[in-house]
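Enquirer: Here you go, this is coords-v8.cif (mmCIF, C-alpha atoms and all ligand atoms).
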```cif
data_entry
#
loop_
_atom_site.label_atom_id
_atom_site.label_comp_id
_atom_site.auth_asym_id
_atom_site.auth_seq_id
_atom_site.Cartn_x
_atom_site.Cartn_y
_atom_site.Cartn_z
CA MET S 543 -18.83 11.03 -15.81
CA THR S 544 -20.43 11.05 -12.39
CA SER S 545 -19.43 13.33 -9.60
CA CYS S 546 -20.55 14.40 -6.19
CA ALA S 547 -20.23 17.77 -4.55
CA ALA S 548 -17.11 19.15 -6.22
CA PRO S 549 -17.34 22.57 -7.88
CA ALA S 550 -18.07 22.39 -11.58
CA ASN S 551 -15.00 24.35 -12.64
CA VAL S 552 -12.71 21.97 -10.73
CA ILE S 553 -14.38 18.96 -12.26
CA SER S 554 -14.27 20.26 -15.79
CA THR S 555 -10.59 21.23 -15.60
CA LEU S 556 -9.80 17.86 -14.13
CA ALA S 557 -11.86 16.11 -16.76
CA VAL S 558 -9.73 17.63 -19.50
CA ASP S 559 -6.55 16.50 -17.79
CA VAL S 560 -7.95 13.07 -17.11
CA ARG S 561 -8.90 12.68 -20.75
CA ALA S 562 -5.35 13.62 -21.72
CA ALA S 563 -3.97 11.31 -19.07
CA LEU S 564 -6.02 8.39 -20.33
CA GLU S 565 -4.42 8.78 -23.72
CA ASP S 566 -1.02 8.24 -22.20
CA ASP S 567 -0.88 5.83 -19.25
CA ASP S 568 2.63 6.82 -18.23
CA GLU S 569 1.65 10.45 -17.91
CA SER S 570 -1.52 10.02 -15.90
CA LEU S 571 -0.25 10.23 -12.33
CA CYS S 572 2.18 12.93 -13.32
CA VAL S 573 -0.50 15.10 -14.87
CA LEU S 574 -2.79 14.71 -11.89
CA ARG S 575 -0.04 15.24 -9.35
CA HIS S 576 0.84 18.56 -10.88
CA HIS S 577 -2.67 19.75 -11.35
CA ARG S 578 -2.81 23.19 -9.81
CA GLU S 579 -6.20 22.70 -8.14
CA LEU S 580 -5.06 19.61 -6.28
CA PRO S 581 -3.18 19.84 -3.01
CA SER S 582 0.04 17.87 -3.44
CA THR S 583 -1.08 15.55 -0.66
CA ALA S 584 -3.95 14.42 -2.86
CA ALA S 585 -1.59 12.70 -5.28
CA PRO S 586 -1.63 9.39 -3.38
CA LEU S 587 -5.42 9.49 -3.54
CA VAL S 588 -5.50 9.19 -7.28
CA HIS S 589 -6.07 5.67 -8.49
CA GLN S 590 -6.14 4.33 -11.96
CA VAL S 591 -7.90 1.04 -12.48
CA GLY S 592 -7.79 -0.15 -16.06
CA GLN S 593 -9.71 2.39 -18.08
CA ARG S 594 -11.13 4.07 -15.00
CA ILE S 595 -9.69 6.76 -12.80
CA LEU S 596 -10.91 7.42 -9.30
CA ILE S 597 -9.96 10.78 -7.93
CA ILE S 598 -10.45 11.85 -4.37
CA LEU S 599 -9.78 15.51 -3.89
CA ARG S 600 -10.27 18.19 -1.35
CA ALA S 601 -12.08 20.74 -3.41
CA LEU S 602 -10.79 24.31 -3.10
CA ARG S 603 -8.67 23.23 -0.11
CA GLN S 604 -11.31 24.44 2.31
CA SER S 605 -13.51 21.46 2.85
CA GLN S 606 -13.11 19.32 5.95
CA HIS S 607 -14.04 16.30 3.90
CA TYR S 608 -12.59 14.72 0.84
CA ARG S 609 -14.89 14.59 -2.14
CA LEU S 610 -15.19 11.72 -4.53
CA VAL S 611 -15.06 12.38 -8.22
CA PHE S 612 -15.37 9.24 -10.24
CA PHE S 613 -14.38 9.34 -13.89
CA HIS S 614 -14.95 6.27 -15.95
CA ALA S 615 -15.25 5.21 -19.52
CA ARG S 616 -18.21 2.89 -19.02
CA GLU S 617 -21.17 2.81 -16.69
CA ASP S 618 -20.32 -0.50 -15.04
CA SER S 619 -17.56 0.78 -12.76
CA THR S 620 -17.54 -0.17 -9.10
CA PHE S 621 -15.93 1.32 -6.05
CA ARG S 622 -13.37 -0.80 -4.33
CA ALA S 623 -13.34 -1.44 -0.63
CA MET S 624 -10.60 0.99 0.31
CA ASP S 625 -10.70 3.98 2.58
CA THR S 626 -8.54 7.01 3.04
CA THR S 627 -8.76 9.57 5.78
CA PRO S 628 -8.05 13.29 5.45
CA ALA S 629 -5.73 13.05 8.45
CA PHE S 630 -3.49 10.52 6.65
CA PRO S 631 -3.63 11.12 2.92
CA SER S 632 -0.94 8.55 2.11
CA LEU S 633 -2.72 5.75 4.00
CA LEU S 634 -5.11 3.27 2.40
CA VAL S 635 -7.10 1.00 4.69
CA VAL S 636 -8.14 -2.16 2.86
CA ARG S 637 -11.51 -3.06 4.33
CA HIS S 638 -12.33 -6.17 2.36
CA PRO S 639 -14.60 -8.41 4.49
CA LEU S 640 -12.32 -11.45 4.19
CA ILE S 641 -9.34 -9.42 5.40
CA GLN S 642 -11.30 -8.03 8.36
CA HIS S 643 -12.55 -11.52 9.28
CA LYS S 644 -9.06 -13.00 9.19
CA LEU S 645 -7.59 -10.03 11.07
CA THR S 646 -9.97 -10.60 13.98
CA ILE S 647 -8.78 -14.21 14.33
CA LEU S 648 -5.20 -12.96 14.05
CA ARG S 649 -5.75 -10.57 16.97
CA ASP S 650 -7.21 -13.30 19.18
CA ARG S 651 -4.71 -14.18 21.89
CA SER S 652 -5.74 -17.86 21.74
CA THR S 653 -4.88 -18.25 18.03
CA PRO S 654 -1.99 -20.76 17.85
CA THR S 655 1.25 -20.14 15.94
CA LYS S 656 0.33 -22.40 13.00
CA ILE S 657 -2.97 -20.58 12.35
CA PHE S 658 -1.37 -17.18 13.00
CA LYS S 659 1.24 -17.90 10.33
CA GLU S 660 -1.41 -19.03 7.83
CA LEU S 661 -3.51 -15.94 8.46
CA VAL S 662 -0.60 -13.52 8.00
CA ASP S 663 0.13 -15.27 4.72
CA GLU S 664 -3.49 -15.08 3.51
CA ILE S 665 -4.00 -11.46 4.58
CA ALA S 666 -0.75 -10.47 2.84
CA MET S 667 -1.97 -12.11 -0.37
CA LEU S 668 -5.35 -10.38 -0.25
CA MET S 669 -3.78 -7.02 0.52
CA ALA S 670 -1.23 -7.41 -2.25
CA TYR S 671 -4.16 -7.52 -4.67
CA GLU S 672 -4.88 -3.90 -3.70
CA ALA S 673 -1.28 -2.79 -3.36
CA THR S 674 -0.57 -3.91 -6.94
CA SER S 675 -3.70 -2.35 -8.42
CA GLU S 676 -1.77 0.48 -10.02
CA LEU S 677 0.78 -1.63 -11.87
CA SER S 678 0.70 -0.52 -15.46
CA LEU S 679 -0.29 -2.83 -18.28
CA GLU S 680 0.91 -3.16 -21.84
CA GLU S 681 -0.98 -4.67 -24.70
CA THR S 682 0.16 -8.03 -26.01
CA SER S 683 -1.14 -10.60 -28.45
CA VAL S 684 -2.23 -14.07 -27.43
CA GLU S 685 -2.88 -17.19 -29.49
CA THR S 686 -6.02 -18.83 -28.13
CA PRO S 687 -6.98 -22.35 -29.30
CA LEU S 688 -9.32 -20.64 -31.77
CA GLU S 689 -7.60 -17.48 -32.99
CA ARG S 690 -5.08 -14.75 -32.31
CA GLY S 691 -6.38 -12.21 -29.82
CA THR S 692 -5.29 -9.23 -27.76
CA GLY S 693 -4.40 -9.41 -24.08
CA TRP S 694 -2.57 -7.48 -21.38
CA ARG S 695 0.51 -8.06 -19.33
CA VAL S 696 2.05 -6.16 -16.46
CA SER S 697 4.64 -3.84 -17.90
CA GLY S 698 7.42 -1.61 -16.79
CA LYS S 699 9.23 -1.76 -13.52
CA LYS S 700 10.07 -5.08 -11.94
CA LEU S 701 8.47 -5.64 -8.55
CA THR S 702 10.70 -6.36 -5.57
CA LEU S 703 9.39 -7.44 -2.18
CA VAL S 704 11.38 -6.32 0.85
CA PRO S 705 10.32 -7.96 4.13
CA ILE S 706 11.59 -6.33 7.31
CA LEU S 707 13.09 -9.13 9.41
CA ARG S 708 11.70 -11.00 11.20
CA ALA S 709 7.96 -10.54 11.04
CA GLY S 710 7.85 -9.32 7.43
CA LEU S 711 9.01 -12.79 6.35
CA GLY S 712 5.54 -14.09 7.18
CA MET S 713 4.05 -11.98 4.37
CA VAL S 714 6.42 -12.93 1.55
CA GLU S 715 4.92 -16.21 0.33
CA GLY S 716 1.40 -14.78 0.23
CA VAL S 717 2.45 -11.89 -2.00
CA LEU S 718 4.61 -14.17 -4.16
CA ARG S 719 1.59 -16.35 -4.85
CA LEU S 720 0.08 -13.35 -6.67
CA VAL S 721 3.32 -12.07 -8.21
CA PRO S 722 5.54 -15.13 -8.62
CA GLY S 723 8.07 -13.24 -10.72
CA ALA S 724 8.89 -10.72 -7.99
CA ARG S 725 12.40 -10.69 -6.51
CA VAL S 726 12.91 -10.60 -2.75
CA GLY S 727 15.34 -8.38 -0.85
CA HIS S 728 15.74 -8.31 2.94
CA ILE S 729 16.16 -5.59 5.53
CA GLY S 730 17.12 -6.61 9.06
CA LEU S 731 15.90 -4.26 11.80
CA TYR S 732 14.90 -4.69 15.41
CA ARG S 733 13.54 -2.20 17.91
CA ASP S 734 15.73 -1.34 20.83
CA HIS S 735 13.61 -2.23 23.88
CA ASP S 736 14.45 0.96 25.76
CA THR S 737 14.54 3.65 23.10
CA LEU S 738 12.11 1.91 20.68
CA GLU S 739 14.40 3.15 17.89
CA PRO S 740 15.33 0.72 15.09
CA VAL S 741 18.73 -0.95 15.01
CA ASP S 742 19.72 -2.22 11.57
CA TYR S 743 21.71 -5.41 11.08
CA TYR S 744 21.14 -6.57 7.50
CA PHE S 745 20.49 -5.10 4.04
CA LYS S 746 20.42 -7.03 0.77
CA ILE S 747 18.38 -6.12 -2.30
CA PRO S 748 18.63 -7.05 -5.99
CA GLY S 749 20.69 -4.89 -8.39
CA ASP S 750 19.27 -2.54 -11.06
CA VAL S 751 17.54 -0.66 -8.22
CA SER S 752 16.44 2.28 -10.32
CA GLU S 753 14.40 -0.02 -12.60
CA ARG S 754 12.46 -1.58 -9.75
CA GLU S 755 9.29 -0.93 -7.77
CA PHE S 756 9.61 -1.87 -4.10
CA LEU S 757 6.97 -3.22 -1.76
CA ILE S 758 8.15 -3.23 1.86
CA LEU S 759 6.44 -5.87 4.00
CA ASP S 760 6.00 -5.74 7.79
CA PRO S 761 2.83 -6.70 9.67
CA MET S 762 3.26 -3.91 12.25
CA LEU S 763 3.63 -0.14 11.86
CA ALA S 764 3.96 1.01 15.48
CA THR S 765 6.18 4.05 16.18
CA GLY S 766 7.08 4.01 12.48
CA GLY S 767 10.80 3.98 13.26
CA SER S 768 11.47 0.65 11.52
CA ALA S 769 9.40 1.53 8.46
CA ALA S 770 10.98 4.97 8.06
CA ALA S 771 14.48 3.50 8.45
CA ALA S 772 13.71 0.78 5.88
CA VAL S 773 12.51 3.37 3.34
CA THR S 774 15.56 5.56 4.02
CA SER S 775 17.88 2.58 3.39
CA LEU S 776 16.11 1.72 0.14
CA LYS S 777 16.25 5.32 -1.07
CA ARG S 778 19.93 5.52 -0.16
CA ALA S 779 20.46 2.47 -2.38
CA GLY S 780 18.75 4.32 -5.26
CA ALA S 781 15.11 3.23 -4.99
CA SER S 782 12.42 5.79 -5.73
CA ARG S 783 9.16 3.86 -6.18
CA ILE S 784 8.35 2.42 -2.78
CA ARG S 785 5.12 1.26 -1.08
CA PHE S 786 4.67 -0.01 2.43
CA LEU S 787 2.34 -2.93 3.17
CA CYS S 788 1.44 -3.71 6.77
CA ILE S 789 -1.47 -5.37 8.54
CA VAL S 790 -1.96 -3.24 11.65
CA ALA S 791 -0.93 0.42 11.83
CA ALA S 792 -0.91 2.89 14.72
CA PRO S 793 -1.65 6.58 14.08
CA GLU S 794 1.77 7.44 15.54
CA GLY S 795 3.52 5.22 13.00
CA VAL S 796 1.54 6.47 10.02
CA ARG S 797 2.25 10.04 11.07
CA ARG S 798 6.01 9.42 11.35
CA LEU S 799 6.32 7.48 8.10
CA ALA S 800 4.20 10.02 6.21
CA ALA S 801 6.20 12.92 7.64
CA THR S 802 9.55 11.34 6.76
CA HIS S 803 8.52 9.87 3.41
CA PRO S 804 5.32 11.50 2.12
CA ASP S 805 5.81 9.87 -1.28
CA VAL S 806 5.37 6.35 0.12
CA MET S 807 1.84 4.91 -0.01
CA ILE S 808 0.94 2.92 3.09
CA TYR S 809 -1.52 0.02 2.90
CA CYS S 810 -2.94 -1.51 6.08
CA ALA S 811 -5.87 -3.69 7.11
CA SER S 812 -6.56 -1.64 10.22
CA LEU S 813 -5.65 1.73 11.65
CA ASP S 814 -5.71 0.97 15.37
CA ARG S 815 -6.23 3.35 18.27
CA GLU S 816 -2.82 4.13 19.78
CA LEU S 817 0.46 2.85 21.19
CA ASN S 818 0.92 1.88 24.82
CA ALA S 819 3.89 3.07 26.90
CA GLN S 820 5.99 0.13 25.66
CA GLY S 821 5.31 0.98 22.02
CA TYR S 822 2.82 -1.84 21.41
CA ILE S 823 -0.22 -1.18 19.25
CA LEU S 824 -3.63 -1.12 21.00
CA PRO S 825 -5.70 -3.16 20.49
CA GLY S 826 -3.11 -4.64 18.08
CA LEU S 827 -2.20 -8.29 18.03
CA GLY S 828 0.82 -8.44 20.33
CA ASP S 829 4.38 -9.11 19.18
CA ALA S 830 4.03 -10.20 15.58
CA GLY S 831 7.51 -11.78 15.34
CA ASP S 832 7.05 -13.80 18.51
CA ARG S 833 3.59 -15.00 17.52
CA LEU S 834 4.77 -15.93 14.00
CA PHE S 835 7.83 -17.84 15.08
CA GLY S 836 6.68 -19.13 18.47
CA THR S 837 9.38 -17.32 20.43
CA ARG S 838 7.05 -15.81 23.01
C1 LIG I 901 8.38 -5.36 15.09
C2 LIG I 901 7.62 -5.28 13.78
C3 LIG I 901 8.23 -4.07 13.13
C4 LIG I 901 8.52 -3.18 14.32
C5 LIG I 901 7.48 -2.10 14.36
O1 LIG I 901 9.61 -5.90 14.91
O2 LIG I 901 7.73 -6.44 13.00
O3 LIG I 901 9.40 -4.32 12.39
O4 LIG I 901 8.44 -3.99 15.49
O5 LIG I 901 7.76 -1.21 15.38
P1 LIG I 901 8.10 0.32 15.10
O6 LIG I 901 7.10 0.80 14.11
O7 LIG I 901 7.94 0.95 16.44
O8 LIG I 901 9.50 0.40 14.57
P2 LIG I 901 10.65 -6.10 16.13
O9 LIG I 901 11.47 -4.89 16.29
O10 LIG I 901 9.89 -6.59 17.33
O11 LIG I 901 11.64 -7.21 15.59
P3 LIG I 901 11.35 -8.76 15.26
O12 LIG I 901 10.46 -8.82 14.07
O13 LIG I 901 12.70 -9.29 14.99
O14 LIG I 901 10.71 -9.39 16.47
N1 LIG I 902 5.85 -4.65 17.07
C1 LIG I 902 4.96 -5.66 17.23
O1 LIG I 902 5.24 -6.80 16.86
N2 LIG I 902 3.78 -5.37 17.80
C2 LIG I 902 3.44 -4.15 18.22
O2 LIG I 902 2.33 -3.96 18.72
C3 LIG I 902 4.38 -3.12 18.05
C4 LIG I 902 5.57 -3.39 17.46
#
```
Could you quickly redo this structure as C-alpha cells?
Expert:
Amino acid sequence: MTSCAAPANVISTLAVDVRAALEDDDESLCVLRHHRELPSTAAPLVHQVGQRILIILRALRQSQHYRLVFFHAREDSTFRAMDTTPAFPSLLVVRHPLIQHKLTILRDRSTPTKIFKELVDEIAMLMAYEATSELSLEETSVETPLERGTGWRVSGKKLTLVPILRAGLGMVEGVLRLVPGARVGHIGLYRDHDTLEPVDYYFKIPGDVSEREFLILDPMLATGGSAAAAVTSLKRAGASRIRFLCIVAAPEGVRRLAATHPDVMIYCASLDRELNAQGYILPGLGDAGDRLFGTR
C-alpha cells in the first residue's frame, strides 16, 4: 500500500474497509460511501479498477486539497489520466493526450462538418473507455485452442446510452463501438433561445429500467438545464444509476447538474472558462448541433 499525506489513522481504517470491500465487489462502493471519515461528496472520487482501488479523499475535512491514497494488490499499478477538482467532486476531466489533441481540432472554427462529426465520434469512444471503467466483472471460463481457462466478462446491469437530441446523436456510434451490446434510448430537448431553459419534446428508453445503467450523451454542458432535465426524466422513469458524458463543460453547468443530481458522475474532456451572455461556452466550440449537422 502506498499513500501520500493522509493521516495514518484514516489510512489504516480505510485499509481495513478496502480489504473487506475487495472480498466482495458489489459491496465496495457502498462500504466506502458510508465510511464515516469520508465526506459524502468523496464517494464519486472512489474508483475501482480490477483488483486496485484508487481513493481520493479530503482528509479530516479540513484540507484545501484532496489527497491521493492508492491501494493496490500489486506493485505495477498506474495512475490513469483523469482529474478531479475539489470544487466539483462529481466531475472527472479525462485528459488523455489523444482526446485533448482531437478536442483542439474540434474547437477550430475552420474544421468542416465531416471532420467535426468524425472527431465527436472518436472522442466519445475514447471517453467511453473511462466512463465504463467501473463496470463490474464476473468470472467465466473460456475454451482456448489449447485448454480451458478462466476469463472475465462484464456483469450485472445492462448499459443503456441516452443521447440528448440532437447533438448527443453524434456520440452514439463511438460509444457503441466499445459496447456493441448497449441499448439506445433518446431524449429530445432544445434550449429556448430567450430563457435558455430546456424544452422537452421526446422521451423513449428501453423497458426494465431498474435493471439498467444509463449513460447520457451530449457534447455540451452549458447552463446545465438540459442535462439536469434529462436526468430528472430518467429518474422519473425509474432509473437510478446514471452517468453524464459530455465533451466540453462550463463551470455553471457542472454546478447546476451537481446541485440537482449530486449522485450523477460527470465526465468531460474539458472544463472551460465560463458562459457568455447568450449561454454559449467560452472558449467552447460553438453550437455543437449546428456544426454536427451543418445547419449553421
Ligand atoms: C445544445 C447541446 C445541449 C444544450 C446544452 O443543444 O447539445 O443539449 O445545448 O445547453 P444547456 O446546458 O444550457 O442546457 P440545443 O439546445 O442547442 O439543441 P440542438 O442539439 O437541437 O441544437
Ligand atoms: N450548446 C452548444 O451547442 N454550445 C454551447 O456553447 C452551449 C450550448
Enquirer: Give one line per residue of chain S that approaches ligand LIG 901 (chain I) to at most 10 Å, naming the two atoms of the closest pair and their distance in Å to one decimal, counting all atoms listed in the file; sort by chain then ascending residue number and deliver it as a Markdown table.
Expert:
```
| residue | atom | partner | partner_atom | distance |
| --- | --- | --- | --- | --- |
| S:Pro705 | CA | I:LIG901 | O3 | 9.1 |
| S:Ile706 | CA | I:LIG901 | O3 | 5.9 |
| S:Leu707 | CA | I:LIG901 | O12 | 5.4 |
| S:Arg708 | CA | I:LIG901 | O12 | 3.8 |
| S:Ala709 | CA | I:LIG901 | O12 | 4.3 |
| S:Gly710 | CA | I:LIG901 | O2 | 6.3 |
| S:Leu711 | CA | I:LIG901 | O12 | 8.8 |
| S:Gly712 | CA | I:LIG901 | O2 | 9.9 |
| S:Ile729 | CA | I:LIG901 | O3 | 9.7 |
| S:Gly730 | CA | I:LIG901 | O13 | 7.9 |
| S:Leu731 | CA | I:LIG901 | O9 | 6.3 |
| S:Tyr732 | CA | I:LIG901 | O9 | 3.5 |
| S:Arg733 | CA | I:LIG901 | O9 | 3.8 |
| S:Asp734 | CA | I:LIG901 | O9 | 7.2 |
| S:His735 | CA | I:LIG901 | O9 | 8.3 |
| S:Thr737 | CA | I:LIG901 | O7 | 9.8 |
| S:Leu738 | CA | I:LIG901 | O7 | 6.0 |
| S:Glu739 | CA | I:LIG901 | O8 | 6.5 |
| S:Pro740 | CA | I:LIG901 | O8 | 5.9 |
| S:Val741 | CA | I:LIG901 | O9 | 8.4 |
| S:Asp742 | CA | I:LIG901 | O9 | 9.9 |
| S:Leu759 | CA | I:LIG901 | O3 | 9.0 |
| S:Asp760 | CA | I:LIG901 | O2 | 5.5 |
| S:Pro761 | CA | I:LIG901 | O2 | 5.9 |
| S:Met762 | CA | I:LIG901 | C2 | 4.8 |
| S:Leu763 | CA | I:LIG901 | O6 | 4.2 |
| S:Ala764 | CA | I:LIG901 | O6 | 3.4 |
| S:Thr765 | CA | I:LIG901 | O7 | 3.6 |
| S:Gly766 | CA | I:LIG901 | O6 | 3.6 |
| S:Gly767 | CA | I:LIG901 | O8 | 4.0 |
| S:Ser768 | CA | I:LIG901 | O8 | 3.6 |
| S:Ala769 | CA | I:LIG901 | O6 | 6.1 |
| S:Ala770 | CA | I:LIG901 | O8 | 8.1 |
| S:Ala771 | CA | I:LIG901 | O8 | 8.5 |
| S:Ala772 | CA | I:LIG901 | O3 | 9.3 |
| S:Cys788 | CA | I:LIG901 | O2 | 9.3 |
| S:Val790 | CA | I:LIG901 | C5 | 9.9 |
| S:Ala791 | CA | I:LIG901 | O6 | 8.4 |
| S:Ala792 | CA | I:LIG901 | O6 | 8.3 |
| S:Glu794 | CA | I:LIG901 | O6 | 8.6 |
| S:Gly795 | CA | I:LIG901 | O6 | 5.8 |
| S:Val796 | CA | I:LIG901 | O6 | 8.9 |
| S:Arg798 | CA | I:LIG901 | O6 | 9.1 |
| S:Leu799 | CA | I:LIG901 | O6 | 9.0 |
| S:Leu817 | CA | I:LIG901 | O7 | 9.1 |
| S:Gln820 | CA | I:LIG901 | O7 | 9.5 |
| S:Gly821 | CA | I:LIG901 | O7 | 6.2 |
| S:Tyr822 | CA | I:LIG901 | O7 | 7.7 |
| S:Ile823 | CA | I:LIG901 | O5 | 8.9 |
| S:Gly828 | CA | I:LIG901 | C1 | 9.7 |
| S:Asp829 | CA | I:LIG901 | O10 | 6.3 |
| S:Ala830 | CA | I:LIG901 | O2 | 5.9 |
| S:Gly831 | CA | I:LIG901 | O14 | 4.2 |
| S:Asp832 | CA | I:LIG901 | O14 | 6.1 |
| S:Arg833 | CA | I:LIG901 | O14 | 9.1 |
| S:Leu834 | CA | I:LIG901 | O12 | 9.1 |
| S:Phe835 | CA | I:LIG901 | O14 | 9.0 |
| S:Thr837 | CA | I:LIG901 | O14 | 9.0 |
| S:Arg838 | CA | I:LIG901 | O14 | 9.9 |
```
Enquirer: Could you please take those selected residues and save C-alpha atoms as a PDB file, keeping the file's coordinate frame?
Expert:
```
ATOM      1  CA  PRO S 705      10.320  -7.960   4.130  1.00  0.00           C
ATOM      2  CA  ILE S 706      11.590  -6.330   7.310  1.00  0.00           C
ATOM      3  CA  LEU S 707      13.090  -9.130   9.410  1.00  0.00           C
ATOM      4  CA  ARG S 708      11.700 -11.000  11.200  1.00  0.00           C
ATOM      5  CA  ALA S 709       7.960 -10.540  11.040  1.00  0.00           C
ATOM      6  CA  GLY S 710       7.850  -9.320   7.430  1.00  0.00           C
ATOM      7  CA  LEU S 711       9.010 -12.790   6.350  1.00  0.00           C
ATOM      8  CA  GLY S 712       5.540 -14.090   7.180  1.00  0.00           C
ATOM      9  CA  ILE S 729      16.160  -5.590   5.530  1.00  0.00           C
ATOM     10  CA  GLY S 730      17.120  -6.610   9.060  1.00  0.00           C
ATOM     11  CA  LEU S 731      15.900  -4.260  11.800  1.00  0.00           C
ATOM     12  CA  TYR S 732      14.900  -4.690  15.410  1.00  0.00           C
ATOM     13  CA  ARG S 733      13.540  -2.200  17.910  1.00  0.00           C
ATOM     14  CA  ASP S 734      15.730  -1.340  20.830  1.00  0.00           C
ATOM     15  CA  HIS S 735      13.610  -2.230  23.880  1.00  0.00           C
ATOM     16  CA  THR S 737      14.540   3.650  23.100  1.00  0.00           C
ATOM     17  CA  LEU S 738      12.110   1.910  20.680  1.00  0.00           C
ATOM     18  CA  GLU S 739      14.400   3.150  17.890  1.00  0.00           C
ATOM     19  CA  PRO S 740      15.330   0.720  15.090  1.00  0.00           C
ATOM     20  CA  VAL S 741      18.730  -0.950  15.010  1.00  0.00           C
ATOM     21  CA  ASP S 742      19.720  -2.220  11.570  1.00  0.00           C
ATOM     22  CA  LEU S 759       6.440  -5.870   4.000  1.00  0.00           C
ATOM     23  CA  ASP S 760       6.000  -5.740   7.790  1.00  0.00           C
ATOM     24  CA  PRO S 761       2.830  -6.700   9.670  1.00  0.00           C
ATOM     25  CA  MET S 762       3.260  -3.910  12.250  1.00  0.00           C
ATOM     26  CA  LEU S 763       3.630  -0.140  11.860  1.00  0.00           C
ATOM     27  CA  ALA S 764       3.960   1.010  15.480  1.00  0.00           C
ATOM     28  CA  THR S 765       6.180   4.050  16.180  1.00  0.00           C
ATOM     29  CA  GLY S 766       7.080   4.010  12.480  1.00  0.00           C
ATOM     30  CA  GLY S 767      10.800   3.980  13.260  1.00  0.00           C
ATOM     31  CA  SER S 768      11.470   0.650  11.520  1.00  0.00           C
ATOM     32  CA  ALA S 769       9.400   1.530   8.460  1.00  0.00           C
ATOM     33  CA  ALA S 770      10.980   4.970   8.060  1.00  0.00           C
ATOM     34  CA  ALA S 771      14.480   3.500   8.450  1.00  0.00           C
ATOM     35  CA  ALA S 772      13.710   0.780   5.880  1.00  0.00           C
ATOM     36  CA  CYS S 788       1.440  -3.710   6.770  1.00  0.00           C
ATOM     37  CA  VAL S 790      -1.960  -3.240  11.650  1.00  0.00           C
ATOM     38  CA  ALA S 791      -0.930   0.420  11.830  1.00  0.00           C
ATOM     39  CA  ALA S 792      -0.910   2.890  14.720  1.00  0.00           C
ATOM     40  CA  GLU S 794       1.770   7.440  15.540  1.00  0.00           C
ATOM     41  CA  GLY S 795       3.520   5.220  13.000  1.00  0.00           C
ATOM     42  CA  VAL S 796       1.540   6.470  10.020  1.00  0.00           C
ATOM     43  CA  ARG S 798       6.010   9.420  11.350  1.00  0.00           C
ATOM     44  CA  LEU S 799       6.320   7.480   8.100  1.00  0.00           C
ATOM     45  CA  LEU S 817       0.460   2.850  21.190  1.00  0.00           C
ATOM     46  CA  GLN S 820       5.990   0.130  25.660  1.00  0.00           C
ATOM     47  CA  GLY S 821       5.310   0.980  22.020  1.00  0.00           C
ATOM     48  CA  TYR S 822       2.820  -1.840  21.410  1.00  0.00           C
ATOM     49  CA  ILE S 823      -0.220  -1.180  19.250  1.00  0.00           C
ATOM     50  CA  GLY S 828       0.820  -8.440  20.330  1.00  0.00           C
ATOM     51  CA  ASP S 829       4.380  -9.110  19.180  1.00  0.00           C
ATOM     52  CA  ALA S 830       4.030 -10.200  15.580  1.00  0.00           C
ATOM     53  CA  GLY S 831       7.510 -11.780  15.340  1.00  0.00           C
ATOM     54  CA  ASP S 832       7.050 -13.800  18.510  1.00  0.00           C
ATOM     55  CA  ARG S 833       3.590 -15.000  17.520  1.00  0.00           C
ATOM     56  CA  LEU S 834       4.770 -15.930  14.000  1.00  0.00           C
ATOM     57  CA  PHE S 835       7.830 -17.840  15.080  1.00  0.00           C
ATOM     58  CA  THR S 837       9.380 -17.320  20.430  1.00  0.00           C
ATOM     59  CA  ARG S 838       7.050 -15.810  23.010  1.00  0.00           C
TER      60      ARG S 838
END
```
Enquirer: Could you please determine the separation between CA of Glu681 (chain S) and CA of Gly693 (chain S) in Å, to one decimal place?
Expert: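 Those two atoms sit 5.9 Å apart.
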Enquirer: Looking at S:Ala779, S:Leu688, S:Ala673, S:Leu703, which one is nearest to Leu757 (chain S), with distances taken over only C-alpha atoms?
Expert: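 Looking only at the distances to Leu757 (chain S), the closest residue turns out to be S:Leu703.
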Enquirer: Let me know the centre plus edge lengths, in Å and rounded to one decimal, of a box with edges along x, y and z that contains all listed atoms of ligand LIG 902 (chain I) and is padded by 5 Å on every side, as JSON.
Expert:
```
{"center_x": 4.1, "center_y": -5.0, "center_z": 17.8, "size_x": 13.5, "size_y": 13.7, "size_z": 11.9}
```
Enquirer: State, in Å with one decimal place, the distance from CA of Ala819 (chain S) to CA of Pro804 (chain S).
Expert: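 Taking CA of Ala819 (chain S) as the start and CA of Pro804 (chain S) as the end point, the length is 26.2 Å.
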Enquirer: Quick one: pull the distance between CA of Ala800 (chain S) and CA of Pro631 (chain S), Å, one decimal.
Expert: 8.6 Å
Enquirer: For a quick check of understanding, using all atoms listed in the file, which of S:Lys700, S:Arg649, S:Lys656, S:Arg695 has the smallest distance to ligand LIG 902 (chain I)?
Expert: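 The shortest atom-to-atom distance to ligand LIG 902 (chain I) comes from S:Arg649.
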Enquirer: Of the candidates S:Gly836, S:Val636, S:Leu701, S:Pro825, which shows the shortest atom-to-atom distance to ligand LIG 902 (chain I), using all atoms listed in the file?
Expert: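 The shortest atom-to-atom distance to ligand LIG 902 (chain I) comes from S:Pro825.
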Enquirer: Closest to Glu676 (chain S) among S:Arg815, S:Arg690, S:Arg785, S:Arg651, using only C-alpha atoms?
Expert: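 Using only C-alpha atoms, the shortest distance to Glu676 (chain S) belongs to S:Arg785.
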Enquirer: Name the closest residue to ligand LIG 902 (chain I) among the candidates S:Leu824, S:Cys810, S:Ala670, S:Ile758; distances are taken between atoms, counting all atoms listed in the file.
Expert: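 Answer, going by the shortest atom-to-atom distance: S:Leu824.
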Enquirer: Nearest to Ile641 (chain S) among S:Gly716, S:Thr627, S:Ala666, S:His728, with distances taken over only C-alpha atoms: which residue is it?
Expert: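 Using only C-alpha atoms, the shortest distance to Ile641 (chain S) belongs to S:Ala666.
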Enquirer: If we count all atoms listed in the file, what is near Arg725 (chain S) at a cut-off of 10 Å, once residues fewer than 5 positions away on the same chain are taken out, given as a ChimeraX atom specification?
Expert: /S:700-704,718,747-748,754,756
